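Following: one structure in structure tokens, then a few remarks.
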Amino acid sequence: MKSLQLLPTTHYQKEIGKVRFPYDLQLIVKFKDMIGLRWRQNLKSSYLFKEDFRLNTFYNHLKSIAFIKYLAFKQNNKTEKGLKHQKVS
């Protein structure tokens, strides 16, 4: 089974999820069906805007052909949510 990695990063001051994977035509065809997924040559990667991203939808779309490594992306989300809910004195 193929594998791909979902990584948190920023692009033009917007938070994105970068999708990294070895070149595979089957994955590229699946990606073209996904709404919101974009390719950026300077990133050498496909990416999604984090504010529009739904992990469950992404996972369900690709689970039949790829193993998705999303731990770094998920951990980054938890950290940000924790920071948003802290009280400021």
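In the structure tokens, the first chain shown is A, the next is B, and so on; residue numbers restart at 1 for each chain, and ligands run from 1 in the order shown.
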Would you mind listing what lies within 10 Å of Arg38 of chain A as a PDB file with C-alpha atoms, in the first residue's frame, with only C-alpha atoms counted and same-chain residues fewer than 2 positions away left out?
```pdb
ATOM      1  CA  LYS A  18       1.052  19.888   2.993  1.00  0.00           C
ATOM      2  CA  VAL A  19       0.576  16.459   1.414  1.00  0.00           C
ATOM      3  CA  PHE A  31      -6.274  14.128  -5.678  1.00  0.00           C
ATOM      4  CA  LYS A  32      -7.739  15.783  -8.766  1.00  0.00           C
ATOM      5  CA  MET A  34     -10.709  16.365  -4.176  1.00  0.00           C
ATOM      6  CA  ILE A  35     -12.137  19.834  -3.743  1.00  0.00           C
ATOM      7  CA  GLY A  36      -9.699  22.303  -2.204  1.00  0.00           C
ATOM      8  CA  ARG A  40       2.267  24.513  -5.647  1.00  0.00           C
ATOM      9  CA  SER A  45       3.760  19.470  -2.930  1.00  0.00           C
ATOM     10  CA  SER A  46      -0.005  19.403  -2.910  1.00  0.00           C
ATOM     11  CA  TYR A  47      -1.660  21.297  -0.073  1.00  0.00           C
ATOM     12  CA  LEU A  48      -4.992  22.198   1.527  1.00  0.00           C
ATOM     13  CA  PHE A  49      -5.918  25.287   3.479  1.00  0.00           C
TER      14      PHE A  49
END
```
Discussion item. Quick one: residues within 10 Å of Ile16 of chain A, only C-alpha atoms, excluding same-chain residues fewer than 6 positions away - as a VMD selection string?
Written reply: chain A and resid 6 to 10 47 to 53 73
Export of the given selection (N, CA and C atoms) as a short mmCIF file (atom, residue, chain, number, x, y, z; two decimals), in the first residue's frame:
```cif
data_model
loop_
_atom_site.label_atom_id
_atom_site.label_comp_id
_atom_site.auth_asym_id
_atom_site.auth_seq_id
_atom_site.Cartn_x
_atom_site.Cartn_y
_atom_site.Cartn_z
N LEU A 6 0.85 13.97 5.89
CA LEU A 6 0.17 15.25 6.01
C LEU A 6 0.92 16.07 7.06
N LEU A 7 1.47 17.21 6.62
CA LEU A 7 2.31 18.03 7.49
C LEU A 7 1.76 19.44 7.63
N PRO A 8 1.76 19.98 8.84
CA PRO A 8 1.32 21.37 9.03
C PRO A 8 2.45 22.33 8.66
N THR A 9 2.11 23.40 7.99
CA THR A 9 3.09 24.43 7.65
C THR A 9 2.32 25.70 7.27
N THR A 10 3.04 26.73 6.85
CA THR A 10 2.39 27.97 6.40
C THR A 10 2.84 28.27 4.98
N TYR A 47 -1.32 20.77 -1.39
CA TYR A 47 -1.66 21.30 -0.07
C TYR A 47 -3.14 21.65 0.00
N LEU A 48 -3.62 21.79 1.23
CA LEU A 48 -4.99 22.20 1.53
C LEU A 48 -4.94 23.32 2.55
N PHE A 49 -5.84 24.27 2.44
CA PHE A 49 -5.92 25.29 3.48
C PHE A 49 -6.46 24.64 4.74
N LYS A 50 -5.79 24.87 5.85
CA LYS A 50 -6.13 24.23 7.11
C LYS A 50 -7.55 24.58 7.58
N GLU A 51 -7.98 25.79 7.34
CA GLU A 51 -9.31 26.21 7.79
C GLU A 51 -10.44 25.45 7.08
N ASP A 52 -10.18 24.97 5.87
CA ASP A 52 -11.20 24.23 5.11
C ASP A 52 -11.02 22.72 5.19
N PHE A 53 -9.96 22.27 5.84
CA PHE A 53 -9.59 20.86 5.83
C PHE A 53 -10.43 20.04 6.80
N PHE A 73 0.26 16.56 11.94
CA PHE A 73 -0.82 17.51 11.68
C PHE A 73 -1.81 17.53 12.84
#
```
For Ala66 of chain A, the closest of A:Leu43, A:Gly17, A:Leu27, A:His11 counting only C-alpha atoms is A:Leu27
Next item on the list: From the DSSP assignment of the backbone, select every residue of chain A that is strand (DSSP E or B), and format the answer as a list in words.
Entry: Lys2, Ser3, Leu4, Gln5, Leu6, Leu7, Pro8, Thr9, Thr10, His11, Lys14, Glu15, Ile16, Gly17, Lys18, Val19, Arg20, Arg38, Trp39, Arg40, Ser45, Ser46, Tyr47, Leu48, Phe49, Ala66, Phe67, Ile68 and Lys69 of chain A
Take the selection from the previous step and output its residues with N, CA and C atoms, as a compact mmCIF listing (two decimals), in the first residue's frame.
```txt
# COMPACT_ATOMS: atom_id res chain seq x y z
N LYS A 2 0.44 2.24 -0.71
CA LYS A 2 1.16 3.51 -0.79
C LYS A 2 1.02 4.25 0.53
N SER A 3 1.93 5.19 0.78
CA SER A 3 1.76 6.00 1.98
C SER A 3 1.99 7.47 1.62
N LEU A 4 1.31 8.32 2.36
CA LEU A 4 1.50 9.75 2.19
C LEU A 4 1.51 10.40 3.56
N GLN A 5 2.08 11.58 3.63
CA GLN A 5 2.24 12.27 4.90
C GLN A 5 1.56 13.63 4.84
N LEU A 6 0.85 13.97 5.89
CA LEU A 6 0.17 15.25 6.01
C LEU A 6 0.92 16.07 7.06
N LEU A 7 1.47 17.21 6.62
CA LEU A 7 2.31 18.03 7.49
C LEU A 7 1.76 19.44 7.63
N PRO A 8 1.76 19.98 8.84
CA PRO A 8 1.32 21.37 9.03
C PRO A 8 2.45 22.33 8.66
N THR A 9 2.11 23.40 7.99
CA THR A 9 3.09 24.43 7.65
C THR A 9 2.32 25.70 7.27
N THR A 10 3.04 26.73 6.85
CA THR A 10 2.39 27.97 6.40
C THR A 10 2.84 28.27 4.98
N HIS A 11 1.97 28.96 4.26
CA HIS A 11 2.25 29.37 2.89
C HIS A 11 1.59 30.73 2.69
N LYS A 14 -0.65 31.85 5.54
CA LYS A 14 -1.86 31.05 5.78
C LYS A 14 -1.43 29.67 6.22
N GLU A 15 -2.17 29.11 7.19
CA GLU A 15 -1.86 27.76 7.65
C GLU A 15 -2.40 26.75 6.66
N ILE A 16 -1.53 25.80 6.31
CA ILE A 16 -1.91 24.78 5.34
C ILE A 16 -1.51 23.40 5.83
N GLY A 17 -2.08 22.39 5.21
CA GLY A 17 -1.65 21.02 5.41
C GLY A 17 -0.99 20.57 4.12
N LYS A 18 0.29 20.30 4.18
CA LYS A 18 1.05 19.89 2.99
C LYS A 18 0.99 18.37 2.86
N VAL A 19 0.70 17.89 1.67
CA VAL A 19 0.58 16.46 1.41
C VAL A 19 1.82 16.00 0.67
N ARG A 20 2.63 15.16 1.33
CA ARG A 20 3.87 14.66 0.73
C ARG A 20 3.73 13.18 0.41
N ARG A 38 -4.68 21.69 -3.79
CA ARG A 38 -3.96 22.48 -4.79
C ARG A 38 -2.53 22.00 -4.89
N TRP A 39 -1.90 22.27 -6.02
CA TRP A 39 -0.49 21.97 -6.23
C TRP A 39 0.27 23.29 -6.26
N ARG A 40 1.43 23.32 -5.63
CA ARG A 40 2.27 24.51 -5.65
C ARG A 40 3.68 24.07 -5.99
N SER A 45 4.71 20.25 -3.70
CA SER A 45 3.76 19.47 -2.93
C SER A 45 2.33 19.93 -3.20
N SER A 46 1.41 19.04 -2.94
CA SER A 46 0.00 19.40 -2.91
C SER A 46 -0.30 19.93 -1.51
N TYR A 47 -1.32 20.77 -1.39
CA TYR A 47 -1.66 21.30 -0.07
C TYR A 47 -3.14 21.65 0.00
N LEU A 48 -3.62 21.79 1.23
CA LEU A 48 -4.99 22.20 1.53
C LEU A 48 -4.94 23.32 2.55
N PHE A 49 -5.84 24.27 2.44
CA PHE A 49 -5.92 25.29 3.48
C PHE A 49 -6.46 24.64 4.74
N ALA A 66 -4.16 4.30 0.04
CA ALA A 66 -2.96 4.83 0.70
C ALA A 66 -3.10 4.81 2.22
N PHE A 67 -1.96 4.66 2.87
CA PHE A 67 -1.85 4.80 4.32
C PHE A 67 -1.49 6.25 4.59
N ILE A 68 -2.26 6.93 5.43
CA ILE A 68 -2.08 8.35 5.66
C ILE A 68 -1.43 8.58 7.02
N LYS A 69 -0.26 9.20 7.02
CA LYS A 69 0.44 9.55 8.26
C LYS A 69 0.07 11.00 8.59
```
In terms of only C-alpha atoms, the residue from A:Gln75, A:Met1, A:Asn42, A:Lys30 at minimal distance from Asn60 of chain A is A:Lys30
Picked from chain A by DSSP as helix (DSSP H, G or I), as JSON, numbers by chain
{"A": [25, 26, 27, 28, 29, 30, 31, 32, 33, 50, 51, 52, 55, 56, 57, 58, 59, 60, 61, 62, 71, 72, 73, 74, 75, 76, 77, 78, 79, 80, 81, 82, 83, 84]}
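The smallest atom-to-atom distance between Ile28 of chain A and any of A:Tyr70, A:Arg54, A:Tyr12, A:Ile65, using only C-alpha atoms, is found for A:Ile65.
Straight-line separation from atom CA of Thr57 of chain A to atom CA of Phe21 of chain A: 18.4 Å.
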